[in-house]
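Okay, data.txt is below, compact mmCIF, C-alpha atoms:
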```txt
# COMPACT_ATOMS: atom_id res chain seq x y z
CA MET A 48 71.26 81.05 60.50
CA ALA A 49 70.89 78.38 63.12
CA ASN A 50 72.65 78.95 66.38
CA LEU A 51 75.44 76.82 67.82
CA ARG A 52 73.33 74.81 70.16
CA ASP A 53 70.86 73.84 67.44
CA ILE A 54 73.62 72.60 65.20
CA ARG A 55 75.22 70.64 67.99
CA ARG A 56 71.92 68.98 68.69
CA ARG A 57 71.43 68.08 65.06
CA ILE A 58 74.91 66.61 64.78
CA LYS A 59 74.17 64.47 67.76
CA SER A 60 70.90 63.16 66.38
CA VAL A 61 72.39 62.44 62.96
CA LYS A 62 75.23 60.60 64.64
CA ASN A 63 72.75 58.45 66.50
CA THR A 64 70.95 57.59 63.30
CA ALA A 65 74.20 56.78 61.57
CA GLN A 66 75.11 54.45 64.40
CA ILE A 67 71.85 52.59 64.03
CA THR A 68 72.04 52.32 60.26
CA ARG A 69 75.64 51.19 60.47
CA ALA A 70 74.70 48.43 62.88
CA MET A 71 71.83 47.40 60.60
CA GLN A 72 74.16 47.45 57.64
CA LEU A 73 76.55 45.07 59.36
CA VAL A 74 73.78 42.71 60.42
CA ALA A 75 72.28 42.76 56.93
CA ALA A 76 75.69 42.16 55.36
CA ALA A 77 76.22 39.04 57.43
CA LYS A 78 72.73 37.74 56.67
CA MET A 79 73.09 38.71 53.04
CA LYS A 80 76.19 36.60 52.58
CA LYS A 81 74.43 33.60 54.03
CA ALA A 82 71.22 34.11 52.07
CA GLN A 83 73.07 34.70 48.82
CA ASN A 84 75.13 31.56 49.25
CA GLN A 85 72.03 29.55 50.00
CA ALA A 86 70.19 30.92 46.99
CA ILE A 87 73.08 30.31 44.64
CA ALA A 88 73.77 26.84 46.00
CA GLY A 89 70.12 25.90 45.50
CA ARG A 90 70.09 26.96 41.88
CA ALA A 91 72.01 23.98 40.55
CA TYR A 92 69.37 21.63 41.87
CA SER A 93 66.49 23.72 40.59
CA LYS A 94 68.12 23.99 37.22
CA HIS A 95 68.75 20.28 36.78
CA LEU A 96 65.25 19.52 37.92
CA LEU A 97 63.91 21.90 35.31
CA GLN A 98 66.11 20.35 32.69
CA ALA A 99 64.95 16.84 33.49
CA LEU A 100 61.35 17.96 33.39
CA TYR A 101 61.91 19.59 30.05
CA ASP A 102 63.40 16.40 28.65
CA ILE A 103 60.54 14.34 29.97
CA ARG A 104 57.98 16.63 28.43
CA LYS A 105 59.76 16.61 25.12
CA ASN A 106 59.78 12.85 24.96
CA PHE A 107 56.35 12.15 26.29
CA THR A 108 53.90 14.76 25.24
CA GLU A 109 50.96 12.41 25.49
CA GLU A 110 51.72 11.35 29.04
CA SER A 111 49.68 13.46 31.38
CA HIS A 112 49.53 14.48 34.98
CA PRO A 113 47.16 16.86 36.79
CA PHE A 114 50.02 19.32 37.28
CA LEU A 115 50.57 19.62 33.57
CA GLU A 116 47.04 20.15 32.33
CA LEU A 117 46.24 23.60 31.09
CA ARG A 118 42.79 24.61 32.20
CA ASP A 119 40.34 26.94 30.58
CA GLY A 120 39.33 28.87 33.66
CA THR A 121 40.92 32.11 34.74
CA ARG A 122 40.80 31.90 38.51
CA GLU A 123 44.27 32.69 39.66
CA LEU A 124 46.07 32.22 42.93
CA VAL A 125 49.22 34.20 43.60
CA LEU A 126 51.88 33.45 46.17
CA VAL A 127 53.39 36.78 47.15
CA ILE A 128 56.77 36.65 48.81
CA SER A 129 57.62 39.96 50.45
CA THR A 130 59.61 40.87 53.54
CA ASP A 131 58.61 40.98 57.18
CA LYS A 132 60.55 44.11 57.93
CA GLY A 133 60.93 47.35 56.09
CA LEU A 134 64.04 49.46 55.52
CA CYS A 135 65.10 47.37 52.59
CA GLY A 136 65.01 49.84 49.77
CA ALA A 137 62.41 49.49 47.06
CA VAL A 138 62.10 45.70 47.11
CA ASN A 139 58.50 45.61 48.28
CA THR A 140 57.35 48.66 46.33
CA ASN A 141 58.76 47.28 43.10
CA LEU A 142 57.16 43.91 43.72
CA ALA A 143 53.81 45.51 44.46
CA ARG A 144 54.02 47.49 41.24
CA ARG A 145 54.85 44.35 39.28
CA ILE A 146 51.92 42.53 40.83
CA ALA A 147 49.57 45.36 39.94
CA ARG A 148 50.78 45.11 36.37
CA ASP A 149 50.94 41.35 35.81
CA VAL A 150 48.26 39.90 38.05
CA PRO A 151 44.55 40.10 37.22
CA ALA A 152 42.58 42.20 39.67
CA ASP A 153 40.34 39.34 40.80
CA ALA A 154 43.18 37.02 41.79
CA ASP A 155 43.40 35.61 45.30
CA PHE A 156 46.56 35.71 47.35
CA ILE A 157 48.75 33.68 49.63
CA THR A 158 51.34 35.77 51.37
CA VAL A 159 54.73 35.24 52.91
CA GLY A 160 56.04 38.31 54.66
CA ARG A 161 54.17 41.01 56.50
CA LYS A 162 54.78 43.99 54.23
CA LEU A 163 52.76 43.02 51.22
CA ARG A 164 50.22 41.16 53.29
CA THR A 165 49.16 44.43 54.86
CA ALA A 166 49.25 46.06 51.45
CA CYS A 167 46.97 43.36 50.05
CA GLU A 168 44.66 43.71 53.02
CA LYS A 169 44.41 47.43 52.44
CA ALA A 170 43.65 46.89 48.78
CA GLY A 171 40.79 44.63 49.80
CA LYS A 172 42.24 41.51 48.18
CA ASN A 173 41.21 38.07 49.27
CA ILE A 174 44.04 36.50 51.25
CA LEU A 175 43.74 32.76 51.56
CA ALA A 176 46.63 32.09 53.87
CA ASP A 177 49.71 33.65 55.32
CA PHE A 178 52.83 31.63 56.03
CA PRO A 179 55.57 32.79 58.36
CA VAL A 180 59.00 31.79 57.10
CA LYS A 181 62.04 31.80 59.32
CA ASP A 182 65.47 33.08 58.44
CA PRO A 183 67.41 31.25 57.03
CA VAL A 184 64.66 29.51 55.09
CA PRO A 185 64.03 25.94 56.29
CA PHE A 186 62.94 23.56 53.56
CA ALA A 187 60.11 22.19 55.70
CA GLU A 188 58.35 25.56 55.58
CA ALA A 189 58.65 25.77 51.82
CA ARG A 190 57.09 22.33 51.65
CA ALA A 191 54.17 23.44 53.76
CA VAL A 192 53.53 26.34 51.40
CA ALA A 193 53.91 24.14 48.33
CA LYS A 194 51.53 21.60 49.77
CA PHE A 195 48.87 24.19 50.44
CA ILE A 196 49.22 25.53 46.92
CA THR A 197 49.03 22.15 45.20
CA GLN A 198 46.03 21.25 47.32
CA GLN A 199 44.20 24.36 46.20
CA PHE A 200 45.12 23.65 42.61
CA LEU A 201 44.17 19.99 42.66
CA ASP A 202 40.87 20.72 44.37
CA GLY A 203 39.99 22.81 41.37
CA ASN A 204 39.64 26.03 43.32
CA TYR A 205 42.09 27.72 41.00
CA ASP A 206 43.15 27.23 37.42
CA LYS A 207 46.51 28.86 37.65
CA VAL A 208 49.02 29.49 40.42
CA SER A 209 51.78 32.07 40.18
CA ILE A 210 54.60 33.15 42.42
CA ALA A 211 55.46 36.82 42.79
CA PHE A 212 58.89 37.29 44.27
CA THR A 213 62.07 39.27 43.89
CA ASN A 214 64.71 37.47 41.92
CA PHE A 215 68.26 37.93 43.08
CA TYR A 216 70.93 38.76 40.52
CA THR A 217 73.65 40.66 42.33
CA THR A 218 73.94 42.62 45.54
CA LEU A 219 73.02 45.75 43.61
CA ARG A 220 70.41 44.24 41.33
CA GLN A 221 67.19 42.48 42.23
CA GLU A 222 64.16 42.26 40.02
CA PRO A 223 60.54 41.58 40.84
CA LYS A 224 59.07 38.67 38.91
CA VAL A 225 55.74 36.96 38.49
CA VAL A 226 56.18 33.37 37.39
CA THR A 227 53.60 30.68 36.69
CA LEU A 228 54.05 27.69 38.94
CA LEU A 229 51.01 25.58 38.10
CA PRO A 230 50.12 24.18 35.65
CA ILE A 231 53.74 23.45 34.83
CA GLN A 232 54.44 24.96 31.48
CA GLY A 233 57.35 24.85 29.13
CA HIS A 234 56.43 21.59 27.51
CA ARG A 235 55.06 23.46 24.54
CA GLU A 236 57.72 24.48 22.09
CA ASP A 237 56.59 28.09 21.98
CA GLU A 238 56.87 28.35 25.71
CA ASP A 239 60.56 27.84 26.04
CA GLN A 240 60.67 31.28 27.54
CA ALA A 241 58.86 29.90 30.53
CA PHE A 242 62.06 28.16 31.44
CA GLU A 243 63.69 31.46 32.17
CA LEU A 244 62.26 30.93 35.57
CA ILE A 245 63.28 31.06 39.11
CA GLY A 246 66.95 31.59 39.76
CA GLY A 247 69.04 31.73 36.64
CA GLY A 248 66.82 29.59 34.48
CA PHE A 249 68.49 27.60 31.76
CA SER A 250 68.77 27.89 28.02
CA SER A 251 66.81 25.27 26.19
CA GLU A 252 68.45 25.97 22.83
CA ALA A 253 71.56 24.03 23.71
CA HIS A 254 69.41 20.99 24.30
CA GLN A 255 67.30 21.26 21.25
CA ASN A 256 70.35 20.79 19.07
CA ASP A 257 71.34 17.68 20.92
CA PRO A 258 69.92 14.64 19.13
CA GLN A 259 70.92 12.28 21.90
CA ARG A 260 68.28 13.35 24.34
CA ASP A 261 65.78 10.56 23.87
CA PHE A 262 64.96 8.86 27.09
CA GLU A 263 63.73 5.66 28.52
CA PHE A 264 62.10 5.71 31.91
CA GLU A 265 62.51 3.46 34.88
CA PRO A 266 60.28 2.15 36.41
CA SER A 267 57.80 3.95 34.10
CA VAL A 268 57.05 7.39 32.77
CA SER A 269 54.09 8.00 35.02
CA GLU A 270 56.03 6.91 38.08
CA VAL A 271 58.95 9.12 37.24
CA LEU A 272 56.55 12.00 36.65
CA ALA A 273 54.87 11.28 39.95
CA THR A 274 58.23 11.59 41.74
CA VAL A 275 59.59 14.51 39.80
CA LEU A 276 56.60 16.84 39.67
CA PRO A 277 55.87 17.24 43.38
CA LEU A 278 59.62 17.56 43.94
CA TYR A 279 59.67 20.26 41.32
CA ILE A 280 56.87 22.25 42.96
CA ASN A 281 58.53 22.00 46.37
CA TYR A 282 61.85 23.15 45.07
CA GLU A 283 60.53 25.98 42.97
CA VAL A 284 58.73 27.37 46.01
CA PHE A 285 61.84 26.84 48.12
CA GLN A 286 64.06 28.49 45.56
CA ALA A 287 61.68 31.44 45.21
CA LEU A 288 61.82 31.90 48.99
CA LEU A 289 65.60 31.76 48.91
CA GLU A 290 65.82 34.27 46.10
CA ALA A 291 63.44 36.61 47.86
CA ARG A 292 65.42 36.35 51.07
CA ALA A 293 68.72 36.99 49.33
CA SER A 294 67.18 40.00 47.60
CA GLU A 295 65.78 41.35 50.83
CA HIS A 296 69.05 41.22 52.70
CA SER A 297 71.02 42.56 49.76
CA ALA A 298 68.62 45.46 49.31
CA ARG A 299 68.66 46.19 53.02
CA MET A 300 72.43 46.13 53.12
CA VAL A 301 72.64 48.57 50.24
CA ALA A 302 69.91 50.83 51.62
CA MET A 303 71.56 50.92 55.03
CA LYS A 304 74.95 51.57 53.51
CA SER A 305 73.70 54.55 51.57
CA ALA A 306 71.88 55.80 54.66
CA THR A 307 75.09 55.57 56.65
CA ASP A 308 77.04 57.29 53.91
CA ASN A 309 74.47 60.06 53.74
CA ALA A 310 74.55 60.52 57.47
CA ASP A 311 78.32 60.72 57.44
CA LYS A 312 78.24 63.32 54.72
CA PHE A 313 75.62 65.26 56.61
CA ILE A 314 77.67 65.17 59.79
CA LYS A 315 80.66 66.50 57.93
CA GLU A 316 78.67 69.39 56.51
CA LEU A 317 77.12 70.20 59.85
CA THR A 318 80.48 70.08 61.59
CA LEU A 319 81.90 72.50 59.05
CA GLU A 320 78.98 74.80 59.60
CA TYR A 321 79.35 74.49 63.33
CA ASN A 322 83.06 75.30 63.26
CA LYS A 323 82.47 78.30 61.04
CA LEU A 324 79.87 79.63 63.43
CA ARG A 325 82.08 78.93 66.42
CA GLN A 326 85.00 80.74 64.84
CA GLY A 327 82.75 83.62 63.93
CA ALA A 328 81.52 83.81 67.49
CA ILE A 329 85.05 83.84 68.89
CA THR A 330 86.15 86.49 66.45
CA SER A 331 83.28 88.78 67.24
CA GLU A 332 83.84 88.25 70.94
CA LEU A 333 87.51 89.16 70.61
CA LEU A 334 86.51 92.16 68.56
CA GLU A 335 84.13 93.27 71.28
CA ILE A 336 86.80 92.92 73.96
CA THR A 337 89.39 94.82 72.00
CA THR A 338 87.00 97.62 71.11
CA ALA A 339 85.99 97.85 74.73
CA MET A 340 89.66 98.05 75.73
CA LYS A 341 90.31 100.71 73.11
CA ALA A 342 87.38 102.71 74.41
CA MET A 343 88.69 102.51 77.98
CA GLU A 344 92.11 103.87 77.10
CA MET W 696 84.81 8.87 25.81
CA PRO W 697 84.31 10.59 29.12
CA LEU W 698 81.24 10.50 31.26
CA GLN W 699 80.36 13.63 33.17
CA LEU W 700 78.92 12.90 36.60
CA ASP W 701 77.04 15.60 38.50
CA ILE W 702 75.67 14.88 41.93
CA VAL W 703 73.42 17.67 43.11
CA THR W 704 71.56 18.15 46.38
CA PRO W 705 69.40 21.15 47.26
CA GLU W 706 72.23 22.48 49.42
CA LYS W 707 75.01 22.28 46.89
CA LYS W 708 76.63 20.60 43.94
CA VAL W 709 78.36 17.72 45.67
CA PHE W 710 80.35 16.33 42.79
CA SER W 711 81.01 17.37 39.23
CA GLU W 712 83.77 15.64 37.31
CA THR W 713 84.36 13.19 34.51
CA VAL W 714 84.38 9.56 35.57
CA ASP W 715 84.79 6.18 33.86
CA ASN W 716 81.66 4.51 35.14
CA VAL W 717 78.85 4.95 37.67
CA TYR W 718 76.70 2.49 39.59
CA LEU W 719 73.41 3.87 40.85
CA PRO W 720 70.85 2.49 43.31
CA GLY W 721 67.88 2.58 40.93
CA ALA W 722 64.30 1.98 41.99
CA ASP W 723 64.39 -1.40 40.21
CA GLY W 724 67.81 -2.42 41.51
CA GLU W 725 71.38 -1.43 40.93
CA LEU W 726 72.17 0.13 37.64
CA GLY W 727 75.57 0.41 35.98
CA VAL W 728 76.25 3.27 33.61
CA LEU W 729 79.13 3.42 31.15
CA PRO W 730 79.79 6.13 28.60
CA GLN W 731 77.43 5.96 25.60
CA HIS W 732 74.60 4.68 27.75
CA ALA W 733 71.15 5.09 26.24
CA GLY W 734 69.14 8.03 27.50
CA LEU W 735 67.37 7.12 30.70
CA VAL W 736 65.57 8.79 33.54
CA THR W 737 65.24 6.68 36.63
CA ALA W 738 63.98 7.07 40.15
CA LEU W 739 66.55 6.33 42.86
CA GLN W 740 66.13 4.72 46.23
CA PRO W 741 68.40 5.38 49.21
CA GLY W 742 71.54 3.33 48.83
CA GLU W 743 75.08 3.26 47.61
CA LEU W 744 76.50 4.99 44.58
CA ARG W 745 79.89 3.99 43.14
CA TYR W 746 81.98 5.60 40.51
CA LEU W 747 85.40 4.96 38.99
CA HIS W 748 87.47 8.10 38.95
CA ASN W 749 91.16 8.15 37.93
CA GLY W 750 91.48 4.41 38.45
CA THR W 751 90.05 4.29 41.97
CA VAL W 752 86.53 3.38 42.96
CA HIS W 753 84.75 5.92 45.14
CA HIS W 754 81.65 5.24 47.19
CA MET W 755 78.89 7.52 48.33
CA ALA W 756 75.66 7.12 50.23
CA VAL W 757 72.75 8.79 48.47
CA GLY W 758 69.15 9.41 49.44
CA SER W 759 66.10 9.11 47.23
CA GLY W 760 65.68 11.21 44.14
CA PHE W 761 66.24 10.54 40.50
CA ALA W 762 68.97 10.41 37.88
CA GLU W 763 69.03 11.61 34.33
CA ILE W 764 71.39 9.73 32.05
CA THR W 765 72.47 10.74 28.58
CA GLN W 766 75.36 9.41 26.52
CA THR W 767 77.82 11.83 28.03
CA HIS W 768 76.18 12.97 31.25
CA VAL W 769 74.83 11.50 34.44
CA VAL W 770 72.96 13.93 36.63
CA VAL W 771 71.99 12.64 40.04
CA LEU W 772 69.42 14.71 41.92
CA THR W 773 69.03 13.54 45.48
CA ASP W 774 68.20 14.83 48.91
CA MET W 775 71.39 13.43 50.45
CA ALA W 776 74.85 12.58 49.16
CA LEU W 777 77.52 11.74 51.69
CA GLY W 778 81.03 10.44 51.35
CA GLU W 779 82.30 7.83 53.76
CA ALA W 780 84.09 10.29 55.97
CA GLU W 781 81.03 12.48 56.37
CA ILE W 782 78.86 9.80 57.90
CA ASP W 783 78.73 9.70 61.65
CA ILE W 784 77.08 6.43 62.61
CA THR W 785 76.02 7.42 66.11
CA HIS W 786 74.58 10.64 64.74
CA MET W 787 72.62 8.73 62.10
CA GLU W 788 71.40 6.17 64.61
CA GLN W 789 70.13 8.94 66.81
CA ALA W 790 68.39 10.44 63.80
CA ILE W 791 66.65 7.15 63.14
CA GLN W 792 65.70 6.85 66.77
CA ARG W 793 64.22 10.33 66.82
CA ALA W 794 62.27 9.80 63.64
CA LYS W 795 60.88 6.48 64.87
CA GLU W 796 59.87 7.94 68.18
CA GLN W 797 58.13 10.75 66.44
CA LEU W 798 56.36 8.30 64.18
CA ILE W 799 55.04 6.34 67.14
CA ALA W 800 54.19 9.33 69.28
CA GLU W 801 52.31 11.23 66.63
CA GLU W 802 51.04 8.44 64.51
CA HIS W 803 47.47 9.58 64.67
CA SER W 804 47.93 13.28 64.37
CA MET W 805 50.11 13.25 61.29
CA ASN W 806 49.02 13.26 57.72
CA SER W 807 50.42 10.89 55.16
CA GLU W 808 52.94 13.35 53.86
CA GLU W 809 54.58 13.86 57.22
CA VAL W 810 54.69 10.14 57.75
CA ALA W 811 56.28 9.68 54.34
CA PHE W 812 58.80 12.37 55.18
CA LEU W 813 59.82 10.67 58.42
CA GLN W 814 60.01 7.29 56.75
CA GLY W 815 62.17 8.85 54.09
CA ALA W 816 64.45 10.23 56.78
CA ILE W 817 64.69 6.81 58.38
CA SER W 818 65.50 4.95 55.18
CA ARG W 819 68.00 7.64 54.25
CA SER W 820 69.85 7.34 57.53
CA ALA W 821 69.63 3.55 57.43
CA ALA W 822 71.16 3.52 53.97
CA ALA W 823 73.99 5.76 55.19
CA ILE W 824 74.68 3.48 58.15
CA SER W 825 74.63 0.23 56.22
CA PHE W 826 76.86 1.86 53.64
CA LYS W 827 79.42 2.81 56.23
CA ARG W 828 79.28 -0.60 57.96
CA ARG W 829 79.79 -2.39 54.70
CA ARG W 830 82.80 -0.27 53.93
CA GLY W 831 84.34 -1.84 57.00
CA SER W 832 85.59 1.37 58.46
CA TYR W 833 83.43 1.35 61.51
```
Can the structure from this file be put into structure tokens for me?
Amino acid sequence: MANLRDIRRRIKSVKNTAQITRAMQLVAAAKMKKAQNQAIAGRAYSKHLLQALYDIRKNFTEESHPFLELRDGTRELVLVISTDKGLCGAVNTNLARRIARDVPADADFITVGRKLRTACEKAGKNILADFPVKDPVPFAEARAVAKFITQQFLDGNYDKVSIAFTNFYTTLRQEPKVVTLLPIQGHREDEDQAFELIGGGFSSEAHQNDPQRDFEFEPSVSEVLATVLPLYINYEVFQALLEARASEHSARMVAMKSATDNADKFIKELTLEYNKLRQGAITSELLEITTAMKAME
Amino acid sequence: MPLQLDIVTPEKKVFSETVDNVYLPGADGELGVLPQHAGLVTALQPGELRYLHNGTVHHMAVGSGFAEITQTHVVVLTDMALGEAEIDITHMEQAIQRAKEQLIAEEHSMNSEEVAFLQGAISRSAAAISFKRRRGSY
């Protein structure tokens, strides 16, 4: 059995840890609220954009744009959005596992966030670029990433671009996802599933039953496409960053909360132990004194 | 027959209610939309958007983007949507000034996209200012 001093020392150290995790929990909670609001607020835009794109594709299947062309090659570029800091539960591990499952081994990477960049480096993957992204996510940085990606795609270096990120559902639930960004899919009827994309996605069934969705285009289809498509890429990247950020802070908040709870529980147990020992020590001391007194008489 | 108007910016859903009519600043000029309008997707330029809601006409300054019109819905996707009260003219003028200065100072070092972005910011702010001036509340 440990002695009194050891237990006291342990209580102290656990208390220190609890203090730190509690502080981190509070910070994460504040950031989480902000990031969640941002992610949820951005979804409406993303969703409508997706919807419009879907309608356009349905009406004008023959109209083409470089972003829409499916290519035969298999060279793939993956944008990996992880976190810069650790202590956020299993967010990065889960994402890494998903990437290992869904991404071909010869794919190249673009990374946002330090954690999976180092993981990719260790795995000997080819990392094309790494973008730092501030918190909260500024749109300008998403645009820089999107621009780099589209450039790579248009130059013909890659035939497919995906985003791997953690989608935010609730504070307690985040899921890693790998989603194809380019070429923009979903214009083929059998690929309606592709619309279950970033953020909430939207259900295309409701629209298919609506006969009124035939469109004219002003000034022209190609011009509308030329405005909508780059916008779409920018916002999908932006939204993915927002979702990842919201997931990160949520996961960190939860992880820190459970760490704090654990520490509190531990402190309680240790204190009980400590008090028991202390009482035992006092009792045996008293016993010694009284026996000594008895012996003297 | 109601017409559902949604105005959405990346930050938030600015407006979502049924209205009686909408006037949009389309790329080819102003465009009036009544219920039962034919399906249309149009690019928007920075300018003024009007809609009739409960018998009163409301005005808004919008940035560039596009609008999707069906018989019962108008969805406006734009990078800016401000009501009259939200526009601060001095603030906007400063924004224009800053963007112009940046354009001049870094004209050679910027790529076309950055230039386009700054020009977009300028025309956006200019549209907001002219909107507010015209409303006569300055």
Please identify every residue of chain A that has at least one atom no farther than 7 Å from an atom of chain W, counting only C-alpha atoms, and for each give the shortest atom pair and the distance in Å to one decimal, arranged by chain then increasing number, as JSON lines.
```
{"residue": "A:Ala88", "atom": "CA", "partner": "W:Lys707", "partner_atom": "CA", "distance": 4.8}
{"residue": "A:Gly89", "atom": "CA", "partner": "W:Pro705", "partner_atom": "CA", "distance": 5.1}
{"residue": "A:Ala91", "atom": "CA", "partner": "W:Lys708", "partner_atom": "CA", "distance": 6.7}
{"residue": "A:Tyr92", "atom": "CA", "partner": "W:Pro705", "partner_atom": "CA", "distance": 5.4}
{"residue": "A:Ala99", "atom": "CA", "partner": "W:Glu763", "partner_atom": "CA", "distance": 6.7}
{"residue": "A:Arg260", "atom": "CA", "partner": "W:Gly734", "partner_atom": "CA", "distance": 6.2}
{"residue": "A:Asp261", "atom": "CA", "partner": "W:Gly734", "partner_atom": "CA", "distance": 5.6}
{"residue": "A:Phe262", "atom": "CA", "partner": "W:Gly734", "partner_atom": "CA", "distance": 4.3}
{"residue": "A:Glu263", "atom": "CA", "partner": "W:Leu735", "partner_atom": "CA", "distance": 4.5}
{"residue": "A:Phe264", "atom": "CA", "partner": "W:Val736", "partner_atom": "CA", "distance": 4.9}
{"residue": "A:Glu265", "atom": "CA", "partner": "W:Thr737", "partner_atom": "CA", "distance": 4.6}
{"residue": "A:Pro266", "atom": "CA", "partner": "W:Asp723", "partner_atom": "CA", "distance": 6.6}
{"residue": "A:Val271", "atom": "CA", "partner": "W:Ala738", "partner_atom": "CA", "distance": 6.2}
```
| task | Would you list the contacts of Glu788 (chain W) as a ChimeraX atom specification, taking every protein, DNA or RNA residue within 10 Å and counting all atoms listed in the file, but skipping same-chain residues closer than 6 positions in sequence? | result | /W:794,817,820-821,823-824
| message | Just want the 8 Å neighbourhood of region 740-755 of chain W, counted on all atoms listed in the file, with same-chain residues fewer than 5 positions away dropped. Output as a list in words. | response |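 Listing them by chain and then by number gives Thr713, Val714, Asp715, Asn716, Val717, Tyr718, Leu719, Pro720, Gly721, Ala722, Gly760, Ala776, Leu777, Gly778, Glu779, Ser818, Arg819, Ala822, Ala823 and Phe826 of chain W.
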| said: Using Å and a single decimal, report how far CA of Ser269 (chain A) sits from CA of Leu229 (chain A). | reply: 18.1 Å
Let me have the centre and edge lengths of the axis-aligned box enclosing all listed atoms of region 216-224 of chain A with 6 Å padding on every side, in Å to one decimal, as lines of an AutoDock Vina configuration file.
```
center_x = 66.5
center_y = 42.2
center_z = 42.2
size_x = 26.9
size_y = 19.1
size_z = 18.6
```
Export region 165-178 of chain A from the structure block above, keeping N, CA and C atoms, as a compact mmCIF listing (two decimals), in the first residue's frame.
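Saved as decode04.txt:
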```txt
# COMPACT_ATOMS: atom_id res chain seq x y z
N THR A 165 2.25 15.19 -41.02
CA THR A 165 3.37 14.40 -40.52
C THR A 165 3.12 12.91 -40.74
N ALA A 166 1.87 12.51 -40.58
CA ALA A 166 1.54 11.10 -40.80
C ALA A 166 1.81 10.71 -42.25
N CYS A 167 1.41 11.59 -43.17
CA CYS A 167 1.64 11.32 -44.59
C CYS A 167 3.14 11.28 -44.91
N GLU A 168 3.86 12.21 -44.28
CA GLU A 168 5.31 12.24 -44.50
C GLU A 168 5.93 10.92 -44.06
N LYS A 169 5.50 10.46 -42.89
CA LYS A 169 6.05 9.21 -42.36
C LYS A 169 5.74 8.04 -43.27
N ALA A 170 4.53 8.08 -43.86
CA ALA A 170 4.13 6.98 -44.72
C ALA A 170 4.78 7.07 -46.10
N GLY A 171 5.58 8.12 -46.30
CA GLY A 171 6.30 8.26 -47.55
C GLY A 171 5.43 8.69 -48.71
N LYS A 172 4.31 9.37 -48.41
CA LYS A 172 3.44 9.84 -49.48
C LYS A 172 4.01 11.11 -50.09
N ASN A 173 3.58 11.37 -51.30
CA ASN A 173 4.02 12.57 -51.98
C ASN A 173 3.09 13.74 -51.61
N ILE A 174 3.65 14.71 -50.90
CA ILE A 174 2.83 15.86 -50.51
C ILE A 174 3.16 17.04 -51.40
N LEU A 175 2.14 17.50 -52.12
CA LEU A 175 2.31 18.55 -53.10
C LEU A 175 2.42 19.92 -52.45
N ALA A 176 1.55 20.14 -51.48
CA ALA A 176 1.51 21.45 -50.84
C ALA A 176 0.88 21.32 -49.47
N ASP A 177 1.20 22.28 -48.63
CA ASP A 177 0.57 22.31 -47.32
C ASP A 177 0.08 23.73 -47.07
N PHE A 178 -1.19 23.86 -46.74
CA PHE A 178 -1.75 25.19 -46.51
C PHE A 178 -2.05 25.38 -45.04
```
